[in-house]
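Undergrad: This is the content of work.txt (compact mmCIF, N, CA and C atoms):
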# COMPACT_ATOMS: atom_id res chain seq x y z
N MET Z 1 -91.07 -95.39 1.08
CA MET Z 1 -90.25 -96.45 1.61
C MET Z 1 -89.74 -96.03 2.98
N ILE Z 2 -89.82 -96.91 3.95
CA ILE Z 2 -89.38 -96.62 5.30
C ILE Z 2 -87.86 -96.51 5.33
N GLY Z 3 -87.35 -95.44 5.92
CA GLY Z 3 -85.92 -95.26 6.06
C GLY Z 3 -85.24 -94.69 4.82
N GLU Z 4 -86.01 -94.35 3.81
CA GLU Z 4 -85.43 -93.80 2.59
C GLU Z 4 -84.94 -92.40 2.86
N ASN Z 5 -83.74 -92.11 2.39
CA ASN Z 5 -83.16 -90.79 2.55
C ASN Z 5 -83.09 -90.15 1.17
N SER Z 6 -84.00 -89.25 0.87
CA SER Z 6 -84.06 -88.65 -0.46
C SER Z 6 -82.86 -87.76 -0.77
N ALA Z 7 -82.08 -87.39 0.25
CA ALA Z 7 -80.91 -86.55 0.02
C ALA Z 7 -79.73 -87.35 -0.54
N MET Z 8 -79.77 -88.67 -0.40
CA MET Z 8 -78.67 -89.49 -0.88
C MET Z 8 -78.86 -89.79 -2.37
N PRO Z 9 -77.80 -89.56 -3.18
CA PRO Z 9 -77.93 -89.84 -4.60
C PRO Z 9 -78.01 -91.33 -4.87
N THR Z 10 -78.74 -91.69 -5.89
CA THR Z 10 -78.81 -93.08 -6.31
C THR Z 10 -78.01 -93.23 -7.57
N PRO Z 11 -77.55 -94.44 -7.90
CA PRO Z 11 -76.75 -94.62 -9.11
C PRO Z 11 -77.44 -94.09 -10.36
N ALA Z 12 -78.75 -94.19 -10.43
CA ALA Z 12 -79.47 -93.74 -11.62
C ALA Z 12 -79.47 -92.22 -11.74
N THR Z 13 -79.36 -91.49 -10.62
CA THR Z 13 -79.45 -90.04 -10.68
C THR Z 13 -78.10 -89.35 -10.53
N THR Z 14 -77.07 -90.06 -10.13
CA THR Z 14 -75.76 -89.47 -9.95
C THR Z 14 -75.07 -89.34 -11.30
N GLN Z 15 -74.62 -88.15 -11.62
CA GLN Z 15 -73.97 -87.90 -12.90
C GLN Z 15 -72.49 -88.28 -12.84
N LEU Z 16 -71.98 -88.77 -13.96
CA LEU Z 16 -70.56 -89.06 -14.07
C LEU Z 16 -69.80 -87.77 -14.32
N PRO Z 17 -68.63 -87.62 -13.72
CA PRO Z 17 -67.84 -86.42 -13.99
C PRO Z 17 -67.06 -86.59 -15.30
N ILE Z 18 -67.74 -86.40 -16.43
CA ILE Z 18 -67.12 -86.57 -17.74
C ILE Z 18 -66.53 -85.24 -18.17
N GLU Z 19 -65.23 -85.27 -18.49
CA GLU Z 19 -64.53 -84.07 -18.93
C GLU Z 19 -63.99 -84.32 -20.34
N HIS Z 20 -63.86 -83.26 -21.11
CA HIS Z 20 -63.35 -83.36 -22.48
C HIS Z 20 -62.18 -82.41 -22.66
N GLY Z 21 -61.19 -82.86 -23.45
CA GLY Z 21 -60.04 -82.01 -23.74
C GLY Z 21 -59.17 -81.74 -22.53
N VAL Z 22 -58.92 -82.77 -21.72
CA VAL Z 22 -58.17 -82.59 -20.47
C VAL Z 22 -56.67 -82.77 -20.71
N ASN Z 23 -55.90 -81.82 -20.24
CA ASN Z 23 -54.45 -81.87 -20.33
C ASN Z 23 -53.93 -82.99 -19.43
N LEU Z 24 -53.16 -83.92 -20.00
CA LEU Z 24 -52.63 -85.05 -19.22
C LEU Z 24 -51.16 -84.87 -18.84
N ARG Z 25 -50.62 -83.69 -19.00
CA ARG Z 25 -49.20 -83.45 -18.72
C ARG Z 25 -48.81 -83.90 -17.31
N THR Z 26 -49.66 -83.65 -16.32
CA THR Z 26 -49.31 -84.03 -14.94
C THR Z 26 -49.38 -85.54 -14.72
N PHE Z 27 -50.05 -86.26 -15.62
CA PHE Z 27 -50.11 -87.72 -15.52
C PHE Z 27 -49.03 -88.40 -16.35
N ASN Z 28 -48.26 -87.64 -17.11
CA ASN Z 28 -47.25 -88.15 -18.01
C ASN Z 28 -45.90 -88.11 -17.30
N SER Z 29 -45.22 -89.23 -17.20
CA SER Z 29 -43.99 -89.33 -16.41
C SER Z 29 -42.97 -88.24 -16.70
N PHE Z 30 -42.79 -87.88 -17.95
CA PHE Z 30 -41.82 -86.85 -18.30
C PHE Z 30 -42.46 -85.50 -18.56
N GLY Z 31 -43.73 -85.37 -18.23
CA GLY Z 31 -44.43 -84.10 -18.40
C GLY Z 31 -44.65 -83.73 -19.86
N LEU Z 32 -44.67 -84.72 -20.75
CA LEU Z 32 -44.89 -84.45 -22.16
C LEU Z 32 -46.34 -84.05 -22.39
N PRO Z 33 -46.58 -83.23 -23.41
CA PRO Z 33 -47.95 -82.81 -23.67
C PRO Z 33 -48.80 -83.96 -24.24
N ALA Z 34 -49.96 -84.11 -23.71
CA ALA Z 34 -50.95 -85.07 -24.21
C ALA Z 34 -52.31 -84.60 -23.70
N GLN Z 35 -53.33 -84.98 -24.42
CA GLN Z 35 -54.67 -84.54 -24.07
C GLN Z 35 -55.64 -85.72 -24.15
N ALA Z 36 -56.47 -85.85 -23.13
CA ALA Z 36 -57.52 -86.87 -23.15
C ALA Z 36 -58.74 -86.27 -23.83
N HIS Z 37 -59.23 -86.94 -24.85
CA HIS Z 37 -60.44 -86.48 -25.51
C HIS Z 37 -61.61 -86.61 -24.53
N THR Z 38 -61.61 -87.72 -23.75
CA THR Z 38 -62.63 -87.94 -22.73
C THR Z 38 -61.96 -88.48 -21.48
N LEU Z 39 -62.24 -87.87 -20.35
CA LEU Z 39 -61.69 -88.30 -19.06
C LEU Z 39 -62.83 -88.42 -18.07
N VAL Z 40 -62.85 -89.52 -17.35
CA VAL Z 40 -63.86 -89.73 -16.31
C VAL Z 40 -63.11 -90.06 -15.02
N ARG Z 41 -63.31 -89.25 -14.01
CA ARG Z 41 -62.66 -89.48 -12.72
C ARG Z 41 -63.52 -90.44 -11.90
N ILE Z 42 -62.93 -91.58 -11.58
CA ILE Z 42 -63.64 -92.65 -10.86
C ILE Z 42 -63.22 -92.61 -9.40
N ASP Z 43 -64.21 -92.56 -8.51
CA ASP Z 43 -63.90 -92.52 -7.09
C ASP Z 43 -64.62 -93.59 -6.28
N SER Z 44 -65.31 -94.50 -6.99
CA SER Z 44 -66.03 -95.55 -6.29
C SER Z 44 -66.35 -96.69 -7.24
N ASP Z 45 -66.72 -97.83 -6.68
CA ASP Z 45 -67.17 -98.95 -7.49
C ASP Z 45 -68.43 -98.58 -8.27
N ALA Z 46 -69.30 -97.81 -7.65
CA ALA Z 46 -70.55 -97.40 -8.30
C ALA Z 46 -70.26 -96.53 -9.53
N ALA Z 47 -69.28 -95.64 -9.42
CA ALA Z 47 -68.92 -94.79 -10.56
C ALA Z 47 -68.35 -95.63 -11.70
N LEU Z 48 -67.56 -96.62 -11.37
CA LEU Z 48 -67.02 -97.51 -12.39
C LEU Z 48 -68.15 -98.25 -13.09
N ARG Z 49 -69.13 -98.71 -12.34
CA ARG Z 49 -70.28 -99.40 -12.92
C ARG Z 49 -71.06 -98.46 -13.85
N ARG Z 50 -71.18 -97.17 -13.47
CA ARG Z 50 -71.89 -96.22 -14.32
C ARG Z 50 -71.16 -96.01 -15.64
N VAL Z 51 -69.82 -96.05 -15.63
CA VAL Z 51 -69.06 -95.94 -16.88
C VAL Z 51 -69.33 -97.15 -17.76
N VAL Z 52 -69.27 -98.33 -17.19
CA VAL Z 52 -69.50 -99.57 -17.94
C VAL Z 52 -70.91 -99.61 -18.50
N ASP Z 53 -71.88 -99.11 -17.76
CA ASP Z 53 -73.28 -99.11 -18.18
C ASP Z 53 -73.66 -97.91 -19.06
N HIS Z 54 -72.76 -96.96 -19.21
CA HIS Z 54 -73.05 -95.73 -19.96
C HIS Z 54 -73.28 -96.06 -21.44
N PRO Z 55 -74.31 -95.47 -22.07
CA PRO Z 55 -74.62 -95.80 -23.46
C PRO Z 55 -73.50 -95.46 -24.45
N ASP Z 56 -72.73 -94.42 -24.20
CA ASP Z 56 -71.64 -94.04 -25.10
C ASP Z 56 -70.29 -94.57 -24.65
N LEU Z 57 -70.02 -94.53 -23.36
CA LEU Z 57 -68.70 -94.91 -22.85
C LEU Z 57 -68.54 -96.40 -22.62
N GLY Z 58 -69.65 -97.10 -22.43
CA GLY Z 58 -69.60 -98.51 -22.06
C GLY Z 58 -68.82 -99.38 -23.01
N ARG Z 59 -68.99 -99.17 -24.30
CA ARG Z 59 -68.30 -100.00 -25.31
C ARG Z 59 -67.00 -99.38 -25.81
N ALA Z 60 -66.72 -98.16 -25.43
CA ALA Z 60 -65.50 -97.48 -25.88
C ALA Z 60 -64.27 -98.09 -25.22
N PRO Z 61 -63.13 -98.07 -25.91
CA PRO Z 61 -61.89 -98.54 -25.28
C PRO Z 61 -61.58 -97.67 -24.07
N LYS Z 62 -60.98 -98.28 -23.06
CA LYS Z 62 -60.66 -97.55 -21.82
C LYS Z 62 -59.16 -97.65 -21.53
N PHE Z 63 -58.62 -96.62 -20.91
CA PHE Z 63 -57.26 -96.62 -20.40
C PHE Z 63 -57.34 -96.19 -18.95
N ILE Z 64 -57.02 -97.09 -18.05
CA ILE Z 64 -57.08 -96.78 -16.63
C ILE Z 64 -55.78 -96.12 -16.23
N LEU Z 65 -55.90 -94.90 -15.74
CA LEU Z 65 -54.75 -94.07 -15.42
C LEU Z 65 -54.77 -93.75 -13.94
N GLY Z 66 -53.69 -94.10 -13.26
CA GLY Z 66 -53.57 -93.79 -11.84
C GLY Z 66 -52.86 -92.46 -11.67
N GLY Z 67 -51.83 -92.45 -10.87
CA GLY Z 67 -51.08 -91.23 -10.61
C GLY Z 67 -50.16 -90.82 -11.74
N GLY Z 68 -49.98 -91.67 -12.75
CA GLY Z 68 -49.17 -91.32 -13.89
C GLY Z 68 -47.74 -91.82 -13.81
N SER Z 69 -47.38 -92.47 -12.74
CA SER Z 69 -46.03 -92.99 -12.61
C SER Z 69 -45.80 -94.07 -13.67
N ASN Z 70 -44.69 -93.97 -14.37
CA ASN Z 70 -44.30 -94.92 -15.41
C ASN Z 70 -45.26 -94.94 -16.58
N VAL Z 71 -45.86 -93.81 -16.89
CA VAL Z 71 -46.73 -93.68 -18.06
C VAL Z 71 -46.15 -92.59 -18.95
N ILE Z 72 -45.99 -92.92 -20.22
CA ILE Z 72 -45.53 -91.93 -21.19
C ILE Z 72 -46.50 -91.94 -22.37
N PHE Z 73 -47.19 -90.84 -22.56
CA PHE Z 73 -48.06 -90.69 -23.71
C PHE Z 73 -47.24 -90.04 -24.83
N ALA Z 74 -47.03 -90.78 -25.90
CA ALA Z 74 -46.32 -90.24 -27.07
C ALA Z 74 -47.28 -89.46 -27.95
N ARG Z 75 -48.57 -89.70 -27.76
CA ARG Z 75 -49.63 -89.01 -28.49
C ARG Z 75 -50.87 -89.00 -27.61
N ASP Z 76 -51.88 -88.29 -28.03
CA ASP Z 76 -53.14 -88.25 -27.29
C ASP Z 76 -53.77 -89.65 -27.31
N PRO Z 77 -54.20 -90.16 -26.17
CA PRO Z 77 -54.84 -91.48 -26.15
C PRO Z 77 -56.22 -91.43 -26.80
N ASP Z 78 -56.54 -92.48 -27.56
CA ASP Z 78 -57.85 -92.58 -28.20
C ASP Z 78 -58.91 -93.11 -27.23
N ALA Z 79 -58.48 -93.80 -26.20
CA ALA Z 79 -59.39 -94.44 -25.25
C ALA Z 79 -59.93 -93.42 -24.24
N VAL Z 80 -61.02 -93.79 -23.61
CA VAL Z 80 -61.55 -93.03 -22.49
C VAL Z 80 -60.59 -93.24 -21.33
N CYS Z 81 -60.12 -92.15 -20.75
CA CYS Z 81 -59.18 -92.25 -19.62
C CYS Z 81 -59.93 -92.05 -18.33
Mind turning this structure into structure tokens?

TA:
Amino acid sequence: MIGENSAMPTPATTQLPIEHGVNLRTFNSFGLPAQAHTLVRIDSDAALRRVVDHPDLGRAPKFILGGGSNVIFARDPDAVC
């Protein structure tokens, strides 16, 4: 293909940064202990699309977590964070 840059990742080949057992204390307003069973750090629209299209994560419940302001986890979240 003319102009193709093989060094640039494509959505099909770019891996999601899936982490397991992540401490959420810094995201919890009062610093209470909580742990994400699955955490995916999203940094683009394409990464969000890969989560939605993912065979395991796509149908799983999701919890969108920003900087953690005004969030209190009383227990570990069951959703993908």

Undergrad: Using only N, CA and C atoms - which residues lie no farther than 6 Å from the point (-60.9, -98.3, -26.7) in the file's frame? Write them as a ChimeraX atom specification.

TA: /Z:60-62,78-80

Undergrad: Quick one: residues within 9 Å of (-57.6, -92.0, -16.7) (file frame), counting only C-alpha atoms, please, as JSON, numbers by chain.

TA: {"Z": [24, 27, 36, 38, 39, 40, 41, 42, 62, 63, 64, 65, 66, 67, 68, 80, 81]}

Undergrad: So that I can check the secondary structure, give me every residue of segment 36-78 of chain Z assigned strand (DSSP E) by backbone DSSP, as a ChimeraX atom specification.

TA: /Z:36-40

Undergrad: May I have the residues from that selection written out with N, CA and C atoms, as a compact mmCIF listing (two decimals), in the coordinates of the input?

TA:
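Full text of result-v2.txt as output:
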# COMPACT_ATOMS: atom_id res chain seq x y z
N ALA Z 36 -56.47 -85.85 -23.13
CA ALA Z 36 -57.52 -86.87 -23.15
C ALA Z 36 -58.74 -86.27 -23.83
N HIS Z 37 -59.23 -86.94 -24.85
CA HIS Z 37 -60.44 -86.48 -25.51
C HIS Z 37 -61.61 -86.61 -24.53
N THR Z 38 -61.61 -87.72 -23.75
CA THR Z 38 -62.63 -87.94 -22.73
C THR Z 38 -61.96 -88.48 -21.48
N LEU Z 39 -62.24 -87.87 -20.35
CA LEU Z 39 -61.69 -88.30 -19.06
C LEU Z 39 -62.83 -88.42 -18.07
N VAL Z 40 -62.85 -89.52 -17.35
CA VAL Z 40 -63.86 -89.73 -16.31
C VAL Z 40 -63.11 -90.06 -15.02

Undergrad: If you run DSSP on the backbone here, which positions in chain Z get helix (DSSP H, G or I)? Please write them as number ranges by chain.

TA: Z: 25-27, 45-53

Undergrad: Take the residues just selected and output them with N, CA and C atoms as a short mmCIF file (atom, residue, chain, number, x, y, z; two decimals), in the frame of the given file.

TA:
data_model
loop_
_atom_site.label_atom_id
_atom_site.label_comp_id
_atom_site.auth_asym_id
_atom_site.auth_seq_id
_atom_site.Cartn_x
_atom_site.Cartn_y
_atom_site.Cartn_z
N ARG Z 25 -50.62 -83.69 -19.00
CA ARG Z 25 -49.20 -83.45 -18.72
C ARG Z 25 -48.81 -83.90 -17.31
N THR Z 26 -49.66 -83.65 -16.32
CA THR Z 26 -49.31 -84.03 -14.94
C THR Z 26 -49.38 -85.54 -14.72
N PHE Z 27 -50.05 -86.26 -15.62
CA PHE Z 27 -50.11 -87.72 -15.52
C PHE Z 27 -49.03 -88.40 -16.35
N ASP Z 45 -66.72 -97.83 -6.68
CA ASP Z 45 -67.17 -98.95 -7.49
C ASP Z 45 -68.43 -98.58 -8.27
N ALA Z 46 -69.30 -97.81 -7.65
CA ALA Z 46 -70.55 -97.40 -8.30
C ALA Z 46 -70.26 -96.53 -9.53
N ALA Z 47 -69.28 -95.64 -9.42
CA ALA Z 47 -68.92 -94.79 -10.56
C ALA Z 47 -68.35 -95.63 -11.70
N LEU Z 48 -67.56 -96.62 -11.37
CA LEU Z 48 -67.02 -97.51 -12.39
C LEU Z 48 -68.15 -98.25 -13.09
N ARG Z 49 -69.13 -98.71 -12.34
CA ARG Z 49 -70.28 -99.40 -12.92
C ARG Z 49 -71.06 -98.46 -13.85
N ARG Z 50 -71.18 -97.17 -13.47
CA ARG Z 50 -71.89 -96.22 -14.32
C ARG Z 50 -71.16 -96.01 -15.64
N VAL Z 51 -69.82 -96.05 -15.63
CA VAL Z 51 -69.06 -95.94 -16.88
C VAL Z 51 -69.33 -97.15 -17.76
N VAL Z 52 -69.27 -98.33 -17.19
CA VAL Z 52 -69.50 -99.57 -17.94
C VAL Z 52 -70.91 -99.61 -18.50
N ASP Z 53 -71.88 -99.11 -17.76
CA ASP Z 53 -73.28 -99.11 -18.18
C ASP Z 53 -73.66 -97.91 -19.06
#

Undergrad: Could you jot down the atom C of Arg49 of chain Z to atom CA of Gly21 of chain Z separation for me, Å, one decimal place?

TA: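 Separation between atom C of Arg49 of chain Z and atom CA of Gly21 of chain Z: 22.1 Å.
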
Undergrad: Could you tell me how far atom CA of Arg59 of chain Z lies from atom CA of Ala46 of chain Z, in Å and to one decimal?

TA: 17.4 Å

Undergrad: So the first atom is atom C of Asp45 of chain Z and the second is atom N of Val22 of chain Z; what is the distance between them in Å, to one decimal place?

TA: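 For atom C of Asp45 of chain Z relative to atom N of Val22 of chain Z, the distance reads 22.8 Å.
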
Undergrad: Using only C-alpha atoms, which of the listed residues (Z:Asn70, Z:Pro77, Z:Gln15, Z:Arg25) sits closest to Ala47 of chain Z?

TA: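 The closest residue to Ala47 of chain Z is Z:Gln15.
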
Undergrad: Some atoms are missing, so please complete segment 57-78 of chain Z with N, CA, C and O atoms and return it as a PDB file, in the coordinates of the input.

TA:
ATOM      1  N   LEU Z  57     -70.020 -94.530 -23.360  1.00  0.00           N
ATOM      2  CA  LEU Z  57     -68.700 -94.910 -22.850  1.00  0.00           C
ATOM      3  C   LEU Z  57     -68.540 -96.400 -22.620  1.00  0.00           C
ATOM      4  O   LEU Z  57     -67.431 -96.920 -22.607  1.00  0.00           O
ATOM      5  N   GLY Z  58     -69.650 -97.100 -22.430  1.00  0.00           N
ATOM      6  CA  GLY Z  58     -69.600 -98.510 -22.060  1.00  0.00           C
ATOM      7  C   GLY Z  58     -68.820 -99.380 -23.010  1.00  0.00           C
ATOM      8  O   GLY Z  58     -68.043-100.228 -22.592  1.00  0.00           O
ATOM      9  N   ARG Z  59     -68.990 -99.170 -24.300  1.00  0.00           N
ATOM     10  CA  ARG Z  59     -68.300-100.000 -25.310  1.00  0.00           C
ATOM     11  C   ARG Z  59     -67.000 -99.380 -25.810  1.00  0.00           C
ATOM     12  O   ARG Z  59     -66.266-100.000 -26.559  1.00  0.00           O
ATOM     13  N   ALA Z  60     -66.720 -98.160 -25.430  1.00  0.00           N
ATOM     14  CA  ALA Z  60     -65.500 -97.480 -25.880  1.00  0.00           C
ATOM     15  C   ALA Z  60     -64.270 -98.090 -25.220  1.00  0.00           C
ATOM     16  O   ALA Z  60     -64.342 -98.579 -24.095  1.00  0.00           O
ATOM     17  N   PRO Z  61     -63.130 -98.070 -25.910  1.00  0.00           N
ATOM     18  CA  PRO Z  61     -61.890 -98.540 -25.280  1.00  0.00           C
ATOM     19  C   PRO Z  61     -61.580 -97.670 -24.070  1.00  0.00           C
ATOM     20  O   PRO Z  61     -61.881 -96.476 -24.052  1.00  0.00           O
ATOM     21  N   LYS Z  62     -60.980 -98.280 -23.060  1.00  0.00           N
ATOM     22  CA  LYS Z  62     -60.660 -97.550 -21.820  1.00  0.00           C
ATOM     23  C   LYS Z  62     -59.160 -97.650 -21.530  1.00  0.00           C
ATOM     24  O   LYS Z  62     -58.525 -98.644 -21.846  1.00  0.00           O
ATOM     25  N   PHE Z  63     -58.620 -96.620 -20.910  1.00  0.00           N
ATOM     26  CA  PHE Z  63     -57.260 -96.620 -20.400  1.00  0.00           C
ATOM     27  C   PHE Z  63     -57.340 -96.190 -18.950  1.00  0.00           C
ATOM     28  O   PHE Z  63     -57.722 -95.045 -18.663  1.00  0.00           O
ATOM     29  N   ILE Z  64     -57.020 -97.090 -18.050  1.00  0.00           N
ATOM     30  CA  ILE Z  64     -57.080 -96.780 -16.630  1.00  0.00           C
ATOM     31  C   ILE Z  64     -55.780 -96.120 -16.230  1.00  0.00           C
ATOM     32  O   ILE Z  64     -54.707 -96.692 -16.363  1.00  0.00           O
ATOM     33  N   LEU Z  65     -55.900 -94.900 -15.740  1.00  0.00           N
ATOM     34  CA  LEU Z  65     -54.750 -94.070 -15.420  1.00  0.00           C
ATOM     35  C   LEU Z  65     -54.770 -93.750 -13.940  1.00  0.00           C
ATOM     36  O   LEU Z  65     -55.742 -93.213 -13.420  1.00  0.00           O
ATOM     37  N   GLY Z  66     -53.690 -94.100 -13.260  1.00  0.00           N
ATOM     38  CA  GLY Z  66     -53.570 -93.790 -11.840  1.00  0.00           C
ATOM     39  C   GLY Z  66     -52.860 -92.460 -11.670  1.00  0.00           C
ATOM     40  O   GLY Z  66     -53.199 -91.468 -12.304  1.00  0.00           O
ATOM     41  N   GLY Z  67     -51.830 -92.450 -10.870  1.00  0.00           N
ATOM     42  CA  GLY Z  67     -51.080 -91.230 -10.610  1.00  0.00           C
ATOM     43  C   GLY Z  67     -50.160 -90.820 -11.740  1.00  0.00           C
ATOM     44  O   GLY Z  67     -49.575 -89.745 -11.714  1.00  0.00           O
ATOM     45  N   GLY Z  68     -49.980 -91.670 -12.750  1.00  0.00           N
ATOM     46  CA  GLY Z  68     -49.170 -91.320 -13.890  1.00  0.00           C
ATOM     47  C   GLY Z  68     -47.740 -91.820 -13.810  1.00  0.00           C
ATOM     48  O   GLY Z  68     -46.951 -91.595 -14.717  1.00  0.00           O
ATOM     49  N   SER Z  69     -47.380 -92.470 -12.740  1.00  0.00           N
ATOM     50  CA  SER Z  69     -46.030 -92.990 -12.610  1.00  0.00           C
ATOM     51  C   SER Z  69     -45.800 -94.070 -13.670  1.00  0.00           C
ATOM     52  O   SER Z  69     -46.622 -94.963 -13.856  1.00  0.00           O
ATOM     53  N   ASN Z  70     -44.690 -93.970 -14.370  1.00  0.00           N
ATOM     54  CA  ASN Z  70     -44.300 -94.920 -15.410  1.00  0.00           C
ATOM     55  C   ASN Z  70     -45.260 -94.940 -16.580  1.00  0.00           C
ATOM     56  O   ASN Z  70     -45.457 -95.966 -17.223  1.00  0.00           O
ATOM     57  N   VAL Z  71     -45.860 -93.810 -16.890  1.00  0.00           N
ATOM     58  CA  VAL Z  71     -46.730 -93.680 -18.060  1.00  0.00           C
ATOM     59  C   VAL Z  71     -46.150 -92.590 -18.950  1.00  0.00           C
ATOM     60  O   VAL Z  71     -45.844 -91.489 -18.492  1.00  0.00           O
ATOM     61  N   ILE Z  72     -45.990 -92.920 -20.220  1.00  0.00           N
ATOM     62  CA  ILE Z  72     -45.530 -91.930 -21.190  1.00  0.00           C
ATOM     63  C   ILE Z  72     -46.500 -91.940 -22.370  1.00  0.00           C
ATOM     64  O   ILE Z  72     -46.630 -92.940 -23.055  1.00  0.00           O
ATOM     65  N   PHE Z  73     -47.190 -90.840 -22.560  1.00  0.00           N
ATOM     66  CA  PHE Z  73     -48.060 -90.690 -23.710  1.00  0.00           C
ATOM     67  C   PHE Z  73     -47.240 -90.040 -24.830  1.00  0.00           C
ATOM     68  O   PHE Z  73     -46.815 -88.900 -24.715  1.00  0.00           O
ATOM     69  N   ALA Z  74     -47.030 -90.780 -25.900  1.00  0.00           N
ATOM     70  CA  ALA Z  74     -46.320 -90.240 -27.070  1.00  0.00           C
ATOM     71  C   ALA Z  74     -47.280 -89.460 -27.950  1.00  0.00           C
ATOM     72  O   ALA Z  74     -46.873 -88.671 -28.788  1.00  0.00           O
ATOM     73  N   ARG Z  75     -48.570 -89.700 -27.760  1.00  0.00           N
ATOM     74  CA  ARG Z  75     -49.630 -89.010 -28.490  1.00  0.00           C
ATOM     75  C   ARG Z  75     -50.870 -89.000 -27.610  1.00  0.00           C
ATOM     76  O   ARG Z  75     -50.918 -89.655 -26.578  1.00  0.00           O
ATOM     77  N   ASP Z  76     -51.880 -88.290 -28.030  1.00  0.00           N
ATOM     78  CA  ASP Z  76     -53.140 -88.250 -27.290  1.00  0.00           C
ATOM     79  C   ASP Z  76     -53.770 -89.650 -27.310  1.00  0.00           C
ATOM     80  O   ASP Z  76     -53.848 -90.265 -28.378  1.00  0.00           O
ATOM     81  N   PRO Z  77     -54.200 -90.160 -26.170  1.00  0.00           N
ATOM     82  CA  PRO Z  77     -54.840 -91.480 -26.150  1.00  0.00           C
ATOM     83  C   PRO Z  77     -56.220 -91.430 -26.800  1.00  0.00           C
ATOM     84  O   PRO Z  77     -56.957 -90.453 -26.657  1.00  0.00           O
ATOM     85  N   ASP Z  78     -56.540 -92.480 -27.560  1.00  0.00           N
ATOM     86  CA  ASP Z  78     -57.850 -92.580 -28.200  1.00  0.00           C
ATOM     87  C   ASP Z  78     -58.910 -93.110 -27.230  1.00  0.00           C
ATOM     88  O   ASP Z  78     -60.090 -92.895 -27.437  1.00  0.00           O
TER      89      ASP Z  78
END
